[in-house]
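For reference, the structure is listed below as structure tokens.
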2 protein chains.
Amino acid sequence: MALIVQKYGGTSVGTIERIENVAEKVIGWRERGHQVVVVVSAMSGETDRLIGLAKAITPRPLPREIDVLLATGEQVTIALLCIALEKRGCPARSYTGSQVRIITDNAFNKARIQDVEVTAMRADLNAGRIIVVAGFQGVDEDGNITTLGRGGSDTTGVALAAALKADECQIYTDVDGVYTTDPRVVSEARRLDRITFEEMLEMASLGSKVLQIRSVEFAGKHNVPLRVLSSFKEGPGTLITFEEAFETEPMEKELISGIAFNRDEAKLTVLGVPDRPGIAYSILGPVSAANIEVDMIIQNIGHDGTTDFTFTVHRNDYERALEILKEQAASLGAREVSGDTKIAKLSLVGIGMRSHAGVASKMFEALGKEGINIRMISTSEIKISVVVDEKYLELGVRALHEAFELDKAA
Amino acid sequence: MALIVQKYGGTSVGTIERIENVAEKVIGWRERGHQVVVVVSAMSGETDRLIGLAKAITPRPLPREIDVLLATGEQVTIALLCIALEKRGCPARSYTGSQVRIITDNAFNKARIQDVEVTAMRADLNAGRIIVVAGFQGVDEDGNITTLGRGGSDTTGVALAAALKADECQIYTDVDGVYTTDPRVVSEARRLDRITFEEMLEMASLGSKVLQIRSVEFAGKHNVPLRVLSSFKEGPGTLITFEEAFETEPMEKELISGIAFNRDEAKLTVLGVPDRPGIAYSILGPVSAANIEVDMIIQNIGHDGTTDFTFTVHRNDYERALEILKEQAASLGAREVSGDTKIAKLSLVGIGMRSHAGVASKMFEALGKEGINIRMISTSEIKISVVVDEKYLELGVRALHEAFELDKAA
């Protein structure tokens with residue numbers, strides 16, 4: 001008998017029919033002898049509906065009251081799922097975040113979980129009940145309702161799994177696992193049986209938005225085995241686990257797990273700035289002061305006492321960032337400021353590349369063969385990212401998928 | 001400076017625009033120097049929508065989970081009202097039933113309030129905040145969410161007013177007070193400036209459904225002055241107060257406060273049953289065992305060793321009650337069982353009639369003059385009810401309104 005925490009997102013509980021399907025699924029696990037704790041999101045569309053009500057009053061509603069408002073979304077779902085479970089003769093009990101006592105800090109709208117009380121849940125589990133918990137919400141020390149921010153239900157699932165020392169935290173979503181890349185771009189994309197937490201973090205932050213990053217970090221920190229599965233399709237999904245687990249496995253680990261990509265970014269370049277200490281801060285300081293997040297930053301070695309400085313931002317921030325740079329250009333002594341919104345970022349992600357120098361050159365070779373010019377390069381421990389012209393995105397992803405034979409299981 | 005508890009029903013908070021109107025109203029009271037605690041219902045239609053979701057799963061959803069579900073309705077309203085108040089620069093704080101700690105028993109769907117904790121609310125009031133509390137809901141000793149049953153928001157308002165020793169509990173609704181009778185039937189119907197709790201109880205239970213009976217009882221028990229006002233129209237409304245208050249007033253109290261009526265009932269008669277002890281129980285026992293509520297019961301003196309026994313039930317229960325009586329008729333030794341659904345009940349209500357024997361005869365005279373035959377009569381301390389043929393309802397109400405000069409203030 002295992003203790004399993006399952007999380008079902010908004011789409012999985014989006015209609016009464018789907019809530020009944022979730023009930024069937026949960027009962028299936030129970031009948032196989034497992035204890036099950038279910039975490040649910042608000043029915044899809046509900047959170048937007050509630051935010052719409054608040055915004056109809058004012059564009060800047062009070063954060064505390066937004067949390068009171070939004071917390072109702074998940075509360076509706078827990079009640080309905082329990083009703084669906086009991087209808088099938090399966091004893092169940094719903095818990096709001098406050099009722100569990102999922103204690104968070106008091107940062108409304110983006111609270112962080114500090115503690116989870118498990119006594120009541122354990123008693124219910126031991127009494128043979130399914131427990132259904134409202135995701136995304138908690139309560140601060142003063143009894144105020146808090147929410148964890150969008151997608152926070154994943155984090156609730158992981159936090160409950162950690163607190164209850166569950167055997168597995170299953171995240172049910174509308175995809176049946178983590179793929180080597182987006183199957184809409186590469187039809188040969190393959191579902192991974194497993195992926196490490198670190199790879200998953202890189203995959204998620206690079207645009208394969210299967211899981212909320214925070215929940216993956218949280219799972220890694222608390223050693224919670226996480227599995228991504230489909231609510232709508234049977235299958236083993238993808239297990240997200242620790243690197244150590246792989247090392248004890250006898251099989252050879254593939255070098256590359258997957259290819260992430262992103263076309264939400266834009267590139268900005270300041271040309272011919274004086275190559276002196278502090279110049280990077282002079283350029284990025286005003287950008288960051290305007291609350292614009294910067295992703296890749298590249299500065300190559302200078303020549304003739306000047307250097308070129310390039311960075312990427314979200315496309316929505318491009319115009320504003322460009323304006324700021326142009327204002328700064330004179331005082332920086334820059335020759336020119338330019339930018340490009342028609343770019344795409346491709347990233348190879350793989351825990352195995354740490355010890356393999358050949359990955360980067362193989363990547364560049366594959367892109368070069370297709371005539372794709374690389375505009376920027378950035379590397380980390382387990383990923384290599386390149387920026388190319390946007391029109392090459394699909395071609396580049398397919399070329400890399402083929403070159404690294406990602407369609408074949410290792 | 002007074003401490004005022006205001007309750008706004010579902011219609012009063014039915015749209016964003018109406019919630020903003022309530023915010024304006026509340027701020028008006030605050031600007032006149034009062035401390036204000038606001039109790040709100042779910043936006044009109046929301047409770048039905050939520051029940052619809054549950055019933056789409058099963059016709060008999062779990063009572064515990066229904067309360068978890070329904071409690072979200074008021075939670076949405078408190079958040080939106082606080083957002084509307086803060087938008088106008090008025091500090092406000094929302095409280096769910098659990099957050100106040102409105103402690104109830106654990107009778108889900110129809111819980112009764114046992115205690116209200118006031119410490120946190122007092123601190124917020126003293127800090128100059130408006131307090132906005134979710135009506136209709138509480139929490140039991142084990143932390144389960146409970147609801148007080150439909151219309152329970154009135155009870156929440158009264159309970160808070162009692163616990164906080166408020167100067168007045170104002171119930172905002174879509175009528176601007178309690179009238180001498182339904183203005184749709186008698187155009188001369190007059191708004192009463194005040195009415196006693198006892199009269200209000202009789203008026204409410206007889207069909208003038210301005211306030212939930214439970215909340216009136218609760219207010220009477222805890223000496224909370226209650227005022228019914230309109231959310232949509234300025235005016236003093238009707239103050240519901242204690243008989244003692246009237247007695248200290250110098251003015252002459254009118255005999256009759258109002259005329260209530262009801263066409264939801266049906267009449268059943270068992271003719272010619274043996275006039276012996278226990279016969280009433282033999283007739284009503286099986287009816288009550290079938291969970292049919294009985295309103296008026298009349299048994300006149302018998303003759304020739306037999307008597308006739310008549311009672312009224314809700315029209316929805318008529319067929320079933322008739323069936324039960326027919327089954328019993330033989331064993332009771334009854335000569336005949338008959339019934340009539342085309343009846344109406346008219347009631348004169350007034351605390352003043354206690355000491356005035358002439359009221360009944362004046363009533364019967366007024367009805368007789370219009371050729372209205374009286375089928376049943378029943379009296380209590382402060383009301384006289386008669387059953388007449390349904391077709392005479394409007395005529396009867398108008399005749400009585402005129403005879404007792406209810407259009408004129410005393």
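As shown in the structure tokens, the chain order sets the letters A, B, ...; within each chain, residues go from 1, and ligands are also counted from 1 in the order they appear.
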Please report as JSON lines every residue of chain A lying within 9 Å of chain B, along with the nearest atom pair and their distance in Å (one decimal), using only C-alpha atoms.
{"residue": "A:Ile16", "atom": "CA", "partner": "B:Ile57", "partner_atom": "CA", "distance": 6.9}
{"residue": "A:Glu17", "atom": "CA", "partner": "B:Ile57", "partner_atom": "CA", "distance": 8.4}
{"residue": "A:Glu20", "atom": "CA", "partner": "B:Ile57", "partner_atom": "CA", "distance": 7.7}
{"residue": "A:Leu50", "atom": "CA", "partner": "B:Val76", "partner_atom": "CA", "distance": 8.0}
{"residue": "A:Leu53", "atom": "CA", "partner": "B:Ile16", "partner_atom": "CA", "distance": 7.1}
{"residue": "A:Ala54", "atom": "CA", "partner": "B:Leu80", "partner_atom": "CA", "distance": 6.1}
{"residue": "A:Ala56", "atom": "CA", "partner": "B:Ile16", "partner_atom": "CA", "distance": 7.1}
{"residue": "A:Ile57", "atom": "CA", "partner": "B:Ala84", "partner_atom": "CA", "distance": 6.1}
{"residue": "A:Thr58", "atom": "CA", "partner": "B:Lys87", "partner_atom": "CA", "distance": 6.7}
{"residue": "A:Arg60", "atom": "CA", "partner": "B:Lys87", "partner_atom": "CA", "distance": 8.3}
{"residue": "A:Pro61", "atom": "CA", "partner": "B:Ile83", "partner_atom": "CA", "distance": 5.6}
{"residue": "A:Leu62", "atom": "CA", "partner": "B:Ile83", "partner_atom": "CA", "distance": 5.9}
{"residue": "A:Arg64", "atom": "CA", "partner": "B:Ala79", "partner_atom": "CA", "distance": 8.5}
{"residue": "A:Glu65", "atom": "CA", "partner": "B:Ala79", "partner_atom": "CA", "distance": 4.8}
{"residue": "A:Ile66", "atom": "CA", "partner": "B:Ala79", "partner_atom": "CA", "distance": 6.7}
{"residue": "A:Asp67", "atom": "CA", "partner": "B:Ala79", "partner_atom": "CA", "distance": 8.3}
{"residue": "A:Val68", "atom": "CA", "partner": "B:Ala79", "partner_atom": "CA", "distance": 5.9}
{"residue": "A:Leu69", "atom": "CA", "partner": "B:Val76", "partner_atom": "CA", "distance": 5.0}
{"residue": "A:Leu70", "atom": "CA", "partner": "B:Val76", "partner_atom": "CA", "distance": 8.0}
{"residue": "A:Ala71", "atom": "CA", "partner": "B:Thr72", "partner_atom": "CA", "distance": 8.4}
{"residue": "A:Thr72", "atom": "CA", "partner": "B:Thr72", "partner_atom": "CA", "distance": 5.1}
{"residue": "A:Gly73", "atom": "CA", "partner": "B:Thr72", "partner_atom": "CA", "distance": 7.9}
{"residue": "A:Gln75", "atom": "CA", "partner": "B:Leu69", "partner_atom": "CA", "distance": 6.5}
{"residue": "A:Val76", "atom": "CA", "partner": "B:Leu69", "partner_atom": "CA", "distance": 5.0}
{"residue": "A:Thr77", "atom": "CA", "partner": "B:Leu69", "partner_atom": "CA", "distance": 8.0}
{"residue": "A:Ile78", "atom": "CA", "partner": "B:Leu69", "partner_atom": "CA", "distance": 8.1}
{"residue": "A:Ala79", "atom": "CA", "partner": "B:Glu65", "partner_atom": "CA", "distance": 4.8}
{"residue": "A:Leu80", "atom": "CA", "partner": "B:Ala54", "partner_atom": "CA", "distance": 6.1}
{"residue": "A:Cys82", "atom": "CA", "partner": "B:Glu65", "partner_atom": "CA", "distance": 6.9}
{"residue": "A:Ile83", "atom": "CA", "partner": "B:Pro61", "partner_atom": "CA", "distance": 5.6}
{"residue": "A:Ala84", "atom": "CA", "partner": "B:Ile57", "partner_atom": "CA", "distance": 6.2}
{"residue": "A:Glu86", "atom": "CA", "partner": "B:Leu62", "partner_atom": "CA", "distance": 7.4}
{"residue": "A:Lys87", "atom": "CA", "partner": "B:Thr58", "partner_atom": "CA", "distance": 6.7}
{"residue": "A:Arg93", "atom": "CA", "partner": "B:Glu65", "partner_atom": "CA", "distance": 8.0}
{"residue": "A:Ser94", "atom": "CA", "partner": "B:Glu65", "partner_atom": "CA", "distance": 7.2}
{"residue": "A:Tyr95", "atom": "CA", "partner": "B:Asn144", "partner_atom": "CA", "distance": 8.8}
{"residue": "A:Thr96", "atom": "CA", "partner": "B:Val68", "partner_atom": "CA", "distance": 8.6}
{"residue": "A:Gln99", "atom": "CA", "partner": "B:Gly143", "partner_atom": "CA", "distance": 6.7}
{"residue": "A:Gly143", "atom": "CA", "partner": "B:Gln99", "partner_atom": "CA", "distance": 6.7}
{"residue": "A:Asn144", "atom": "CA", "partner": "B:Gln99", "partner_atom": "CA", "distance": 7.8}
Going by DSSP on the backbone, which residues of stretch 221-350 of chain B come out as strand (DSSP E)? List them as a count of residues only. 51
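Taking atom CA of A:Ile259 as the reference point, atom CA of A:Thr181 is found at 5.0 Å.
Shortest atom-to-atom contact with A:Ser41 among A:Asp340, A:Asp154, A:Asp105, A:Glu381: A:Asp154, counting only C-alpha atoms.
Considering the residues A:Gly305, A:Gly371, A:Pro91, A:Gly152 and counting only C-alpha atoms, A:Leu125 has its shortest atom-to-atom contact with A:Pro91.
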Write out as a PyMOL selection string the residues lying within 8 Å of B:Ala321, counting only C-alpha atoms and excluding same-chain residues fewer than 4 positions away. chain B and resi 287+292+317+325
Hey, what does DSSP flag as alpha helix (DSSP H) within stretch 208-344 of chain B? Can you give it to me as a ChimeraX atom specification? /B:213-221,243-247,279-289,318-332
For the residues selected in the previous step, produce a file with N, CA and C atoms as a CSV table (one decimal), in the first residue's frame.
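To be explicit, this is the file written out as part_25.csv:
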chain,number,residue,atom,x,y,z
B,213,ILE,N,-37.8,34.3,9.9
B,213,ILE,CA,-38.4,34.2,11.2
B,213,ILE,C,-37.3,34.0,12.3
B,214,ARG,N,-36.3,33.1,11.9
B,214,ARG,CA,-35.3,32.8,12.9
B,214,ARG,C,-34.6,34.0,13.4
B,215,SER,N,-34.3,34.9,12.5
B,215,SER,CA,-33.5,36.1,12.8
B,215,SER,C,-34.3,37.0,13.7
B,216,VAL,N,-35.7,37.0,13.5
B,216,VAL,CA,-36.5,37.9,14.3
B,216,VAL,C,-36.6,37.3,15.8
B,217,GLU,N,-36.7,36.0,15.8
B,217,GLU,CA,-36.7,35.3,17.2
B,217,GLU,C,-35.4,35.6,17.9
B,218,PHE,N,-34.3,35.4,17.1
B,218,PHE,CA,-33.0,35.6,17.7
B,218,PHE,C,-32.8,37.1,18.2
B,219,ALA,N,-33.3,38.0,17.4
B,219,ALA,CA,-33.2,39.4,17.8
B,219,ALA,C,-34.0,39.7,19.0
B,220,GLY,N,-35.2,39.1,19.1
B,220,GLY,CA,-36.0,39.3,20.3
B,220,GLY,C,-35.3,38.8,21.5
B,221,LYS,N,-34.8,37.6,21.4
B,221,LYS,CA,-34.1,36.9,22.5
B,221,LYS,C,-32.9,37.7,23.0
B,243,GLU,N,-42.1,45.2,22.9
B,243,GLU,CA,-43.3,45.7,23.4
B,243,GLU,C,-43.1,46.8,24.4
B,244,GLU,N,-42.2,46.5,25.3
B,244,GLU,CA,-41.8,47.5,26.4
B,244,GLU,C,-41.6,48.9,25.9
B,245,ALA,N,-40.9,48.9,24.8
B,245,ALA,CA,-40.5,50.2,24.2
B,245,ALA,C,-41.8,51.0,23.9
B,246,PHE,N,-42.8,50.3,23.4
B,246,PHE,CA,-44.0,51.0,23.1
B,246,PHE,C,-44.7,51.5,24.3
B,247,GLU,N,-44.7,50.7,25.3
B,247,GLU,CA,-45.4,51.0,26.5
B,247,GLU,C,-44.9,52.3,27.2
B,279,ILE,N,-58.7,11.0,19.9
B,279,ILE,CA,-59.1,11.0,18.4
B,279,ILE,C,-58.2,11.9,17.6
B,280,ALA,N,-57.9,13.1,18.2
B,280,ALA,CA,-57.0,14.0,17.5
B,280,ALA,C,-55.7,13.4,17.2
B,281,TYR,N,-55.2,12.7,18.1
B,281,TYR,CA,-53.9,12.1,17.9
B,281,TYR,C,-54.0,11.0,16.8
B,282,SER,N,-55.1,10.2,16.8
B,282,SER,CA,-55.3,9.2,15.9
B,282,SER,C,-55.4,9.7,14.4
B,283,ILE,N,-55.9,10.9,14.3
B,283,ILE,CA,-56.0,11.5,13.0
B,283,ILE,C,-54.7,12.2,12.6
B,284,LEU,N,-54.1,13.0,13.5
B,284,LEU,CA,-52.9,13.7,13.1
B,284,LEU,C,-51.6,12.9,13.2
B,285,GLY,N,-51.6,11.9,14.0
B,285,GLY,CA,-50.3,11.1,14.2
B,285,GLY,C,-49.8,10.6,12.8
B,286,PRO,N,-50.6,9.9,12.0
B,286,PRO,CA,-50.1,9.4,10.7
B,286,PRO,C,-49.7,10.5,9.8
B,287,VAL,N,-50.4,11.7,9.8
B,287,VAL,CA,-50.0,12.8,9.0
B,287,VAL,C,-48.7,13.4,9.4
B,288,SER,N,-48.4,13.5,10.6
B,288,SER,CA,-47.2,14.1,11.1
B,288,SER,C,-46.1,13.0,10.9
B,289,ALA,N,-46.4,11.8,11.0
B,289,ALA,CA,-45.4,10.7,10.7
B,289,ALA,C,-44.9,10.8,9.3
B,318,TYR,N,-51.2,18.4,0.2
B,318,TYR,CA,-52.6,18.1,0.3
B,318,TYR,C,-53.0,16.7,-0.2
B,319,GLU,N,-52.5,16.3,-1.4
B,319,GLU,CA,-52.8,15.0,-2.0
B,319,GLU,C,-52.4,13.9,-1.0
B,320,ARG,N,-51.2,14.0,-0.5
B,320,ARG,CA,-50.7,13.0,0.3
B,320,ARG,C,-51.4,12.9,1.6
B,321,ALA,N,-51.8,14.1,2.2
B,321,ALA,CA,-52.5,14.1,3.5
B,321,ALA,C,-53.9,13.5,3.3
B,322,LEU,N,-54.5,13.8,2.2
B,322,LEU,CA,-55.8,13.3,1.9
B,322,LEU,C,-55.8,11.7,1.8
B,323,GLU,N,-54.8,11.2,1.1
B,323,GLU,CA,-54.6,9.8,1.0
B,323,GLU,C,-54.5,9.1,2.3
B,324,ILE,N,-53.7,9.7,3.2
B,324,ILE,CA,-53.4,9.1,4.5
B,324,ILE,C,-54.8,9.1,5.3
B,325,LEU,N,-55.5,10.2,5.2
B,325,LEU,CA,-56.8,10.3,6.0
B,325,LEU,C,-57.7,9.2,5.4
B,326,LYS,N,-57.8,9.0,4.1
B,326,LYS,CA,-58.7,8.1,3.6
B,326,LYS,C,-58.4,6.7,4.0
B,327,GLU,N,-57.1,6.4,4.1
B,327,GLU,CA,-56.6,5.1,4.6
B,327,GLU,C,-57.1,4.9,6.0
B,328,GLN,N,-57.0,6.0,6.8
B,328,GLN,CA,-57.4,5.9,8.2
B,328,GLN,C,-58.9,5.9,8.5
B,329,ALA,N,-59.7,6.4,7.6
B,329,ALA,CA,-61.1,6.7,7.8
B,329,ALA,C,-61.8,5.5,8.5
B,330,ALA,N,-61.7,4.4,7.9
B,330,ALA,CA,-62.4,3.2,8.4
B,330,ALA,C,-62.0,2.9,9.9
B,331,SER,N,-60.7,2.8,10.1
B,331,SER,CA,-60.3,2.5,11.5
B,331,SER,C,-60.7,3.6,12.5
B,332,LEU,N,-60.8,4.8,12.0
B,332,LEU,CA,-61.2,5.9,12.9
B,332,LEU,C,-62.8,5.9,13.1
